[in-house]
Each structure stands twice: as structure tokens, then as C-alpha cells.
$ cat entry.cif   # mmCIF, C-alpha atoms
data_start
#
loop_
_atom_site.label_atom_id
_atom_site.label_comp_id
_atom_site.auth_asym_id
_atom_site.auth_seq_id
_atom_site.Cartn_x
_atom_site.Cartn_y
_atom_site.Cartn_z
CA MET I 241 15.41 -28.23 -30.75
CA LYS I 242 18.13 -26.69 -28.59
CA ALA I 243 21.61 -28.12 -28.68
CA LYS I 244 22.64 -29.95 -25.54
CA GLY I 245 26.32 -30.36 -26.44
CA TRP I 246 29.37 -28.70 -24.94
CA ILE I 247 31.97 -26.54 -26.62
CA ILE I 248 35.54 -25.50 -25.85
CA ALA I 249 35.06 -21.90 -24.76
CA ALA I 250 38.32 -20.32 -25.88
CA ALA I 251 38.31 -21.75 -29.40
CA ALA I 252 34.64 -20.98 -29.96
CA ALA I 253 35.03 -17.40 -28.78
CA ILE I 254 37.78 -16.75 -31.33
CA ALA I 255 35.89 -18.39 -34.17
CA LEU I 256 32.42 -16.95 -33.61
CA SER I 257 32.57 -13.55 -31.97
CA ALA I 258 34.65 -10.49 -31.25
CA THR I 259 33.01 -10.26 -27.82
CA SER I 260 35.57 -10.54 -25.04
CA ILE I 261 34.89 -13.75 -23.12
CA MET I 262 37.20 -15.06 -20.42
CA VAL I 263 36.73 -18.31 -18.53
CA VAL I 264 38.21 -18.20 -15.03
CA ALA I 265 38.96 -21.74 -13.90
CA LYS I 266 39.91 -20.83 -10.33
CA PRO I 267 38.55 -20.44 -7.76
CA ASP I 268 35.81 -23.08 -7.87
CA PRO I 269 33.15 -22.86 -9.27
CA ILE I 270 34.32 -21.85 -12.74
CA LYS I 271 33.17 -18.36 -13.74
CA VAL I 272 32.47 -16.98 -17.21
CA MET I 273 33.31 -13.28 -17.67
CA ARG I 274 31.86 -11.33 -20.59
CA ASN I 275 33.44 -7.92 -21.21
CA GLY I 276 34.58 -7.90 -17.59
CA THR I 277 31.14 -8.77 -16.22
CA GLU I 278 30.28 -12.15 -14.74
CA TRP I 279 27.72 -14.16 -16.74
CA VAL I 280 25.67 -16.49 -14.54
CA THR I 281 25.06 -19.74 -16.44
CA GLU I 282 22.26 -22.22 -15.78
CA ALA I 283 24.72 -25.12 -16.11
CA ALA I 284 28.16 -24.55 -14.62
CA PRO I 285 31.24 -24.85 -16.88
CA VAL I 286 33.40 -27.92 -16.29
CA GLN I 287 37.07 -28.67 -16.78
CA ILE I 288 37.97 -31.81 -18.74
CA ASP I 289 41.71 -32.43 -18.86
CA ASP I 290 43.18 -29.09 -19.97
CA GLU I 291 40.01 -27.76 -21.59
CA ILE I 292 37.20 -25.65 -20.12
CA MET I 293 33.80 -26.72 -21.44
CA ILE I 294 30.57 -24.70 -21.41
CA PRO I 295 27.14 -25.74 -22.80
CA LEU I 296 26.86 -24.86 -26.48
CA ASN I 297 23.48 -23.19 -26.01
CA THR I 298 24.91 -21.05 -23.20
CA PHE I 299 27.77 -20.01 -25.46
CA GLY I 300 25.25 -19.01 -28.14
CA LYS I 301 23.53 -16.70 -25.66
CA LEU I 302 26.88 -15.21 -24.64
CA VAL I 303 27.79 -14.19 -28.17
CA GLY I 304 24.28 -13.42 -29.45
CA LYS I 305 23.94 -16.51 -31.63
CA GLN I 306 20.97 -18.76 -32.27
CA VAL I 307 22.03 -22.36 -31.59
CA THR I 308 19.88 -25.24 -32.84
CA TYR I 309 20.38 -28.98 -33.14
CA ASN I 310 18.90 -31.18 -35.88
CA SER I 311 18.72 -34.74 -34.57
CA GLN I 312 17.90 -36.16 -38.01
CA THR I 313 21.10 -34.86 -39.60
CA ASN I 314 23.07 -34.77 -36.33
CA THR I 315 23.98 -31.16 -37.07
CA VAL I 316 24.49 -28.15 -34.81
CA SER I 317 23.71 -24.80 -36.45
CA ILE I 318 24.98 -21.47 -35.10
CA ASP I 319 23.34 -18.44 -36.69
CA ASP I 320 23.49 -14.70 -36.12
CA LYS I 321 20.81 -13.32 -33.81
CA LYS I 322 20.97 -9.98 -32.05
CA GLN I 323 18.94 -9.38 -28.91
CA ILE I 324 16.89 -6.20 -28.67
CA PRO I 325 16.95 -4.07 -25.49
CA PHE I 326 13.31 -3.30 -24.69
CA ALA I 327 13.15 -2.29 -21.02
CA GLN I 328 15.33 -0.47 -18.52
CA SER I 329 15.16 0.88 -14.99
CA ASP I 330 14.50 4.56 -14.36
CA ASP I 331 18.20 5.16 -13.64
CA LYS I 332 19.13 3.23 -16.82
CA LYS I 333 21.49 0.97 -14.87
CA ILE I 334 19.43 -2.21 -15.38
CA GLN I 335 18.35 -3.46 -18.80
CA ILE I 336 16.33 -6.36 -20.18
CA SER I 337 16.85 -7.52 -23.75
CA GLY I 338 15.39 -10.39 -25.73
CA ASP I 339 14.64 -11.97 -29.07
CA VAL I 340 11.41 -11.06 -30.85
CA GLY I 341 9.41 -14.28 -31.02
CA GLU I 342 6.96 -15.36 -33.69
CA THR I 343 4.02 -15.13 -31.27
CA GLY I 344 4.36 -11.44 -30.38
CA THR I 345 6.60 -11.84 -27.35
CA TYR I 346 10.16 -11.10 -26.29
CA ASP I 347 11.82 -14.46 -25.57
CA ASN I 348 15.25 -15.68 -24.41
CA LEU I 349 15.50 -12.77 -21.98
CA THR I 350 18.76 -11.37 -20.64
CA LEU I 351 19.08 -9.21 -17.52
CA THR I 352 22.08 -6.86 -17.55
CA THR I 353 23.23 -4.70 -14.63
CA GLU I 354 26.42 -2.81 -13.86
CA THR I 355 27.94 -5.94 -12.30
CA PHE I 356 26.47 -9.00 -14.04
CA SER I 357 24.47 -10.40 -16.94
CA ARG I 358 22.32 -13.50 -16.77
CA HIS I 359 19.57 -15.32 -18.60
CA ILE I 360 16.17 -14.96 -16.92
CA PRO I 361 13.24 -17.35 -17.42
CA GLY I 362 9.94 -16.45 -19.01
CA TYR I 363 8.88 -13.95 -21.65
CA ASN I 364 7.20 -10.56 -22.00
CA VAL I 365 4.58 -9.39 -24.48
CA ALA I 366 6.07 -7.26 -27.26
CA ASN I 367 3.58 -4.41 -26.76
CA LEU I 368 5.78 -1.77 -25.11
CA GLY I 369 2.74 -0.43 -23.28
CA TYR I 370 3.22 -3.54 -21.13
CA ALA I 371 7.00 -3.35 -20.74
CA PRO I 372 8.47 -5.06 -17.66
CA ILE I 373 8.57 -3.21 -14.35
CA ILE I 374 12.16 -3.00 -13.06
CA GLU I 375 12.78 -1.78 -9.51
CA ARG I 376 15.40 -2.00 -6.77
CA THR I 377 14.11 -2.55 -3.24
CA ASP I 378 14.96 -4.60 -0.16
CA LEU I 379 12.49 -7.50 -0.11
CA THR I 380 14.59 -9.79 2.09
CA GLY I 381 15.26 -7.42 4.99
CA ASP I 382 19.05 -7.70 4.79
CA GLY I 383 19.56 -4.00 4.06
CA LYS I 384 20.58 -4.65 0.44
CA LYS I 385 18.45 -3.70 -2.54
CA ASP I 386 17.17 -6.63 -4.56
CA ILE I 387 16.29 -6.43 -8.25
CA VAL I 388 12.57 -6.94 -8.83
CA ILE I 389 11.25 -7.60 -12.33
CA ILE I 390 7.56 -7.97 -13.14
CA LEU I 391 6.95 -9.40 -16.61
CA THR I 392 3.63 -9.04 -18.43
CA THR I 393 2.84 -12.41 -19.99
CA GLY I 394 -0.68 -11.80 -21.29
CA TYR I 395 -3.42 -9.19 -21.61
CA GLY I 396 -6.79 -8.69 -23.25
CA THR I 397 -10.48 -8.30 -22.45
CA GLY I 398 -10.98 -9.77 -18.99
CA VAL I 399 -7.44 -11.16 -18.98
CA TYR I 400 -4.16 -9.97 -17.50
CA ALA I 401 -1.20 -12.08 -16.41
CA SER I 402 2.17 -11.15 -14.95
CA ASN I 403 5.14 -12.94 -13.46
CA PRO I 404 7.58 -11.68 -10.79
CA LEU I 405 11.31 -12.43 -10.76
CA VAL I 406 13.60 -11.37 -7.91
CA TYR I 407 17.41 -11.38 -7.82
CA THR I 408 20.01 -10.31 -5.31
CA GLU I 409 22.65 -7.75 -6.26
CA THR I 410 25.01 -10.71 -6.81
CA ALA I 411 22.69 -12.34 -9.40
CA ASP I 412 21.24 -15.05 -7.16
CA SER I 413 17.59 -15.88 -7.81
CA ILE I 414 15.13 -15.50 -4.90
CA PRO I 415 12.19 -17.93 -5.28
CA VAL I 416 8.68 -16.44 -5.17
CA GLU I 417 5.75 -18.61 -4.07
CA ASP I 418 3.12 -18.87 -6.79
CA ALA I 419 0.27 -16.48 -5.96
CA TYR I 420 -2.41 -18.41 -7.83
CA THR I 421 -1.70 -21.56 -5.83
CA ALA I 422 -1.68 -19.55 -2.59
CA PHE I 423 -5.03 -17.95 -3.42
CA LEU I 424 -6.63 -21.30 -4.26
CA LYS I 425 -5.64 -22.67 -0.85
CA GLN I 426 -7.56 -19.85 0.84
CA PHE I 427 -10.51 -19.32 -1.50
CA SER I 428 -13.71 -21.26 -2.13
CA SER I 429 -17.10 -20.29 -3.55
CA LYS I 430 -20.55 -21.59 -4.35
CA VAL I 431 -23.69 -20.31 -6.02
CA THR I 432 -27.42 -20.80 -5.39
CA ASP I 433 -30.50 -19.41 -7.11
CA LYS I 434 -30.49 -16.42 -4.75
CA GLN I 435 -26.89 -15.67 -3.82
CA ILE I 436 -23.18 -16.16 -4.29
CA GLU I 437 -21.12 -17.22 -1.29
CA LEU I 438 -17.39 -16.66 -0.95
CA ASP I 439 -15.15 -18.11 1.75
CA ILE I 440 -11.69 -16.61 2.19
CA HIS I 441 -9.80 -18.58 4.89
CA GLY I 442 -13.00 -18.85 6.96
CA GLU I 443 -14.39 -15.35 6.37
CA ARG I 444 -17.74 -15.53 4.53
CA THR I 445 -19.08 -12.96 2.05
CA VAL I 446 -22.58 -13.17 0.52
CA ILE I 447 -23.67 -11.33 -2.65
CA PRO I 448 -27.32 -11.45 -3.81
CA VAL I 449 -27.68 -12.64 -7.39
CA SER I 450 -29.96 -9.63 -7.99
CA LYS I 451 -26.91 -7.35 -7.82
CA LEU I 452 -25.11 -9.07 -10.69
CA GLN I 453 -25.11 -7.26 -14.02
CA SER I 454 -24.98 -10.57 -15.88
CA GLY I 455 -27.98 -11.95 -14.00
CA PRO I 456 -28.21 -15.47 -12.54
CA VAL I 457 -25.05 -17.57 -12.92
CA LYS I 458 -24.66 -21.34 -13.16
CA PHE I 459 -21.09 -21.68 -11.95
CA PRO I 460 -19.34 -20.52 -8.76
CA PRO I 461 -17.05 -17.48 -9.02
CA GLY I 462 -13.46 -18.19 -9.99
CA ILE I 463 -10.07 -16.49 -9.92
CA GLY I 464 -6.92 -16.33 -12.02
CA SER I 465 -7.83 -14.71 -15.34
CA VAL I 466 -6.62 -11.38 -13.97
CA MET I 467 -3.43 -11.69 -11.90
CA TYR I 468 -0.98 -8.87 -11.34
CA TYR I 469 1.93 -8.06 -9.04
CA THR I 470 2.87 -4.68 -7.60
CA LEU I 471 5.50 -3.19 -5.32
CA GLU I 472 4.54 -1.06 -2.35
CA GLY I 473 7.69 0.16 -0.65
CA ASN I 474 9.65 -2.94 0.38
CA THR I 475 6.69 -5.28 -0.09
CA LEU I 476 5.73 -7.39 -3.10
CA LYS I 477 1.96 -7.83 -3.47
CA ALA I 478 -0.24 -10.00 -5.68
CA THR I 479 -3.85 -9.30 -6.66
CA THR I 480 -6.38 -11.39 -8.53
CA ALA I 481 -9.93 -10.51 -9.53
CA VAL I 482 -12.91 -12.65 -8.50
CA GLN I 483 -14.94 -13.37 -11.62
CA VAL I 484 -18.59 -14.42 -12.04
CA SER I 485 -18.70 -14.27 -15.85
CA PRO I 486 -16.24 -13.57 -18.69
CA ALA I 487 -16.91 -9.83 -18.41
CA GLU I 488 -18.01 -9.33 -14.79
CA PHE I 489 -15.80 -9.10 -11.71
CA ILE I 490 -17.12 -8.58 -8.19
CA GLY I 491 -14.00 -7.91 -6.13
CA ASP I 492 -10.28 -8.43 -5.57
CA LEU I 493 -8.23 -10.89 -3.56
CA ALA I 494 -4.86 -9.52 -2.47
CA LEU I 495 -1.91 -10.82 -0.48
CA SER I 496 1.55 -9.64 0.55
CA TYR I 497 4.85 -11.52 0.52
CA THR I 498 7.35 -11.93 3.34
CA PHE I 499 10.84 -13.39 3.10
CA LYS I 500 11.35 -16.53 5.18
CA ASN I 501 13.60 -19.58 4.87
CA GLY I 502 15.11 -18.37 1.60
CA LEU I 503 11.71 -17.88 -0.06
CA LEU I 504 9.29 -15.00 -0.63
CA GLN I 505 6.21 -16.58 0.92
CA ALA I 506 2.61 -15.60 0.17
CA GLY I 507 0.66 -14.31 3.16
CA GLU I 508 -3.00 -14.32 4.12
CA ALA I 509 -5.41 -13.24 1.38
CA GLN I 510 -7.75 -10.30 1.92
CA PHE I 511 -10.95 -9.80 -0.08
CA THR I 512 -12.30 -6.41 -1.17
CA LEU I 513 -15.83 -6.38 -2.57
CA TYR I 514 -16.47 -3.77 -5.24
CA PRO I 515 -18.86 -1.08 -3.87
CA GLU I 516 -21.65 -1.74 -6.38
CA TYR I 517 -22.08 -5.26 -4.99
CA GLY I 518 -22.26 -4.24 -1.34
CA SER I 519 -25.36 -3.75 0.78
#
$ encode --input "entry.cif" --output "C-alpha cells"
Amino acid sequence: MKAKGWIIAAAAAIALSATSIMVVAKPDPIKVMRNGTEWVTEAAPVQIDDEIMIPLNTFGKLVGKQVTYNSQTNTVSIDDKKQIPFAQSDDKKIQISGDVGETGTYDNLTLTTETFSRHIPGYNVANLGYAPIIERTDLTGDGKKDIVIILTTGYGTGVYASNPLVYTETADSIPVEDAYTAFLKQFSSKVTDKQIELDIHGERTVIPVSKLQSGPVKFPPGIGSVMYYTLEGNTLKATTAVQVSPAEFIGDLALSYTFKNGLLQAGEAQFTLYPEYGS
């Protein structure tokens, strides 16, 4: 269980780490600087009387410590734990590091650039053949290059899952609409003895059952077991495979994102039928 307490930053820094940490109380909000680089915290530091307080778990991440809390003994434990860098951008100016988890993933991820470090949500599989994609491109149209990270969260036979994260050059997170939810709003399907019918926002596609390698199917085609994100120029795209059985896919649904009202919004889905299932 993670500790939810707070700790006096200056005293803890001296006691636990040689890392240079400075807490800047002014201007508001309070900033935490690590080795001269701003560290963006999930919970902002607060000033109580003459002391600056930061969450204990945040402090553990700052100094590379594992912080746990035992509610039965009412004890906070701070143990050594060094994060491992496992991905970097082509120009080596952006790096992702993490802790090796017990389930074959990199957890507790940290994004480090030339100007900031921050915790990022999610995890990535430990297989370096599926290392995160890290790119700089302008997704918001403001002329500034955003940092785009695509994590691989699962893979296997008939399965692939990824998760996009986008940040401005000043470390602000840009929300990305969930692609799976967007696809479900636009996709429906049904099956009969003779054919499969797909409806993508009103556009109908019919596939004869005779063309399926797996033969007649009992359930309508579904989506979601294969979901991946790609970058094409200044556009983020999501693609999911349409599946009729655990091992058979008949086509792809794809959509592009546009930035509007502070959010990368999913656009209209387009369906591409694999050639072997066409007329």
C-alpha cells in the first residue's frame, strides 16, 4: 500500500539522498526542482507555517526510493530502488525509465527531457522489442512540438494493446479520447447463417460466411483485442482489427485525432476490408 503522508522536503532530502532537490515556494504554485529541472508532481506541495510539505510517495519517486505504508503496524518504509532507463528518443534528448515489475512490465514510469521530469501513468511491457515510441510533433496546431509517447501494454497471438500519452514542451498533459470507446460508438455488427453484416456510422459492409477461413460463426464480429496507435506526420491515428474468431480478422477500423477544446478528439472511423474477403 502506498504511503499517503506528507514529509518536510528539506529535511528528507538531506537524510535520504544526495540528489539536489530545491523547493521554490514563490511564485505560486510551489515548484519542486530536481538537479535544476522542474519535477511536475501529481499533488502540489503546500506550505504549512514555515515548512514546505510534499507527498511522501512523491518524494520517494524524486530520490529513487520505494515508499510503502503498513497500516497494521502504522509504519512507513523507505527502501532503495533505482529506476532503469529503457527507452529514448532518436536524438537521445527524451528518456523513459521505470521499475521492473513482477509481472514482466516496467512500472512507475518517469519521463525525462532537457527541461523537466515527471511521473507518467501506465506501464510498458519489459520486452524491448516493444519499447515505447517517443516522438516530437505538433498535434495541437500551435506551432510547438508536443511529446508523443505510445506505450505497449500487451501483446500475443491475436492480441496487441497500446496506450498514447501526449505532453506539451512545458510538461502539461494533453488528454486523448479513448479510441476503443470512440470505435464502439460508430461500429455495430450481426451474423446470420449466410453472411456477416457490419455497420460503421451508417455505411454497411456484407461478407459471405463462405469466405471465412474459420467457417460459420455464432457470434457477431467484435473489436478491441488488437488496438494500436501510430503517428503520421502531425496526426495521431488509432487502428483496431475486426475479429470473427480468436485467430481470424477480416479488416481494420481506423480513425484520426484532431485537437479541439483542449482535447485530442477521435474522428470518424473508416473500415478497410482485407482483400481476401472482398468480392
$ residues_near_point --input "entry.cif" --point "(30.6, -5.0, -11.2)" --cutoff "9 Å" --atoms "all atoms listed in the file" --output "list in words"
Gly276, Thr277, Glu278, Thr353, Glu354, Thr355 and Phe356 of chain I
$ resolve_selection --input "entry.cif" --expression "the PyMOL selection byres ((chain I and resi 458-463) around 12)" --output "PyMOL selection string"
chain I and resi 398-401+419-439+446-447+449+452+454-457+464-468+479-486+488-494+511
$ write_last_selection --input "entry.cif" --atoms "C-alpha atoms" --output "mmCIF file, in the coordinates of the input"
data_model
loop_
_atom_site.group_PDB
_atom_site.id
_atom_site.type_symbol
_atom_site.label_atom_id
_atom_site.label_comp_id
_atom_site.auth_asym_id
_atom_site.auth_seq_id
_atom_site.Cartn_x
_atom_site.Cartn_y
_atom_site.Cartn_z
ATOM 1 C CA GLY I 398 -10.980 -9.770 -18.990
ATOM 2 C CA VAL I 399 -7.440 -11.160 -18.980
ATOM 3 C CA TYR I 400 -4.160 -9.970 -17.500
ATOM 4 C CA ALA I 401 -1.200 -12.080 -16.410
ATOM 5 C CA ALA I 419 0.270 -16.480 -5.960
ATOM 6 C CA TYR I 420 -2.410 -18.410 -7.830
ATOM 7 C CA THR I 421 -1.700 -21.560 -5.830
ATOM 8 C CA ALA I 422 -1.680 -19.550 -2.590
ATOM 9 C CA PHE I 423 -5.030 -17.950 -3.420
ATOM 10 C CA LEU I 424 -6.630 -21.300 -4.260
ATOM 11 C CA LYS I 425 -5.640 -22.670 -0.850
ATOM 12 C CA GLN I 426 -7.560 -19.850 0.840
ATOM 13 C CA PHE I 427 -10.510 -19.320 -1.500
ATOM 14 C CA SER I 428 -13.710 -21.260 -2.130
ATOM 15 C CA SER I 429 -17.100 -20.290 -3.550
ATOM 16 C CA LYS I 430 -20.550 -21.590 -4.350
ATOM 17 C CA VAL I 431 -23.690 -20.310 -6.020
ATOM 18 C CA THR I 432 -27.420 -20.800 -5.390
ATOM 19 C CA ASP I 433 -30.500 -19.410 -7.110
ATOM 20 C CA LYS I 434 -30.490 -16.420 -4.750
ATOM 21 C CA GLN I 435 -26.890 -15.670 -3.820
ATOM 22 C CA ILE I 436 -23.180 -16.160 -4.290
ATOM 23 C CA GLU I 437 -21.120 -17.220 -1.290
ATOM 24 C CA LEU I 438 -17.390 -16.660 -0.950
ATOM 25 C CA ASP I 439 -15.150 -18.110 1.750
ATOM 26 C CA VAL I 446 -22.580 -13.170 0.520
ATOM 27 C CA ILE I 447 -23.670 -11.330 -2.650
ATOM 28 C CA VAL I 449 -27.680 -12.640 -7.390
ATOM 29 C CA LEU I 452 -25.110 -9.070 -10.690
ATOM 30 C CA SER I 454 -24.980 -10.570 -15.880
ATOM 31 C CA GLY I 455 -27.980 -11.950 -14.000
ATOM 32 C CA PRO I 456 -28.210 -15.470 -12.540
ATOM 33 C CA VAL I 457 -25.050 -17.570 -12.920
ATOM 34 C CA GLY I 464 -6.920 -16.330 -12.020
ATOM 35 C CA SER I 465 -7.830 -14.710 -15.340
ATOM 36 C CA VAL I 466 -6.620 -11.380 -13.970
ATOM 37 C CA MET I 467 -3.430 -11.690 -11.900
ATOM 38 C CA TYR I 468 -0.980 -8.870 -11.340
ATOM 39 C CA THR I 479 -3.850 -9.300 -6.660
ATOM 40 C CA THR I 480 -6.380 -11.390 -8.530
ATOM 41 C CA ALA I 481 -9.930 -10.510 -9.530
ATOM 42 C CA VAL I 482 -12.910 -12.650 -8.500
ATOM 43 C CA GLN I 483 -14.940 -13.370 -11.620
ATOM 44 C CA VAL I 484 -18.590 -14.420 -12.040
ATOM 45 C CA SER I 485 -18.700 -14.270 -15.850
ATOM 46 C CA PRO I 486 -16.240 -13.570 -18.690
ATOM 47 C CA GLU I 488 -18.010 -9.330 -14.790
ATOM 48 C CA PHE I 489 -15.800 -9.100 -11.710
ATOM 49 C CA ILE I 490 -17.120 -8.580 -8.190
ATOM 50 C CA GLY I 491 -14.000 -7.910 -6.130
ATOM 51 C CA ASP I 492 -10.280 -8.430 -5.570
ATOM 52 C CA LEU I 493 -8.230 -10.890 -3.560
ATOM 53 C CA ALA I 494 -4.860 -9.520 -2.470
ATOM 54 C CA PHE I 511 -10.950 -9.800 -0.080
#
$ residues_near_point --input "entry.cif" --point "(16.2, -11.3, -1.0)" --cutoff "6 Å" --atoms "only C-alpha atoms" --output "short mmCIF file (atom, residue, chain, number, x, y, z; two decimals) with C-alpha atoms, keeping the file's coordinate frame"
data_model
loop_
_atom_site.label_atom_id
_atom_site.label_comp_id
_atom_site.auth_asym_id
_atom_site.auth_seq_id
_atom_site.Cartn_x
_atom_site.Cartn_y
_atom_site.Cartn_z
CA LEU I 379 12.49 -7.50 -0.11
CA THR I 380 14.59 -9.79 2.09
CA ASP I 386 17.17 -6.63 -4.56
CA THR I 408 20.01 -10.31 -5.31
CA ILE I 414 15.13 -15.50 -4.90
#
$ atom_distance --input "entry.cif" --atom1 "CA of Phe299 in chain I" --atom2 "CA of Asp319 in chain I"
12.2 Å
$ atom_distance --input "entry.cif" --atom1 "CA of Gln306 in chain I" --atom2 "CA of Glu375 in chain I"
29.6 Å
$ resolve_selection --input "entry.cif" --expression "the PyMOL selection byres ((chain I and resi 324-326) around 8)" --output "count of residues only"
12
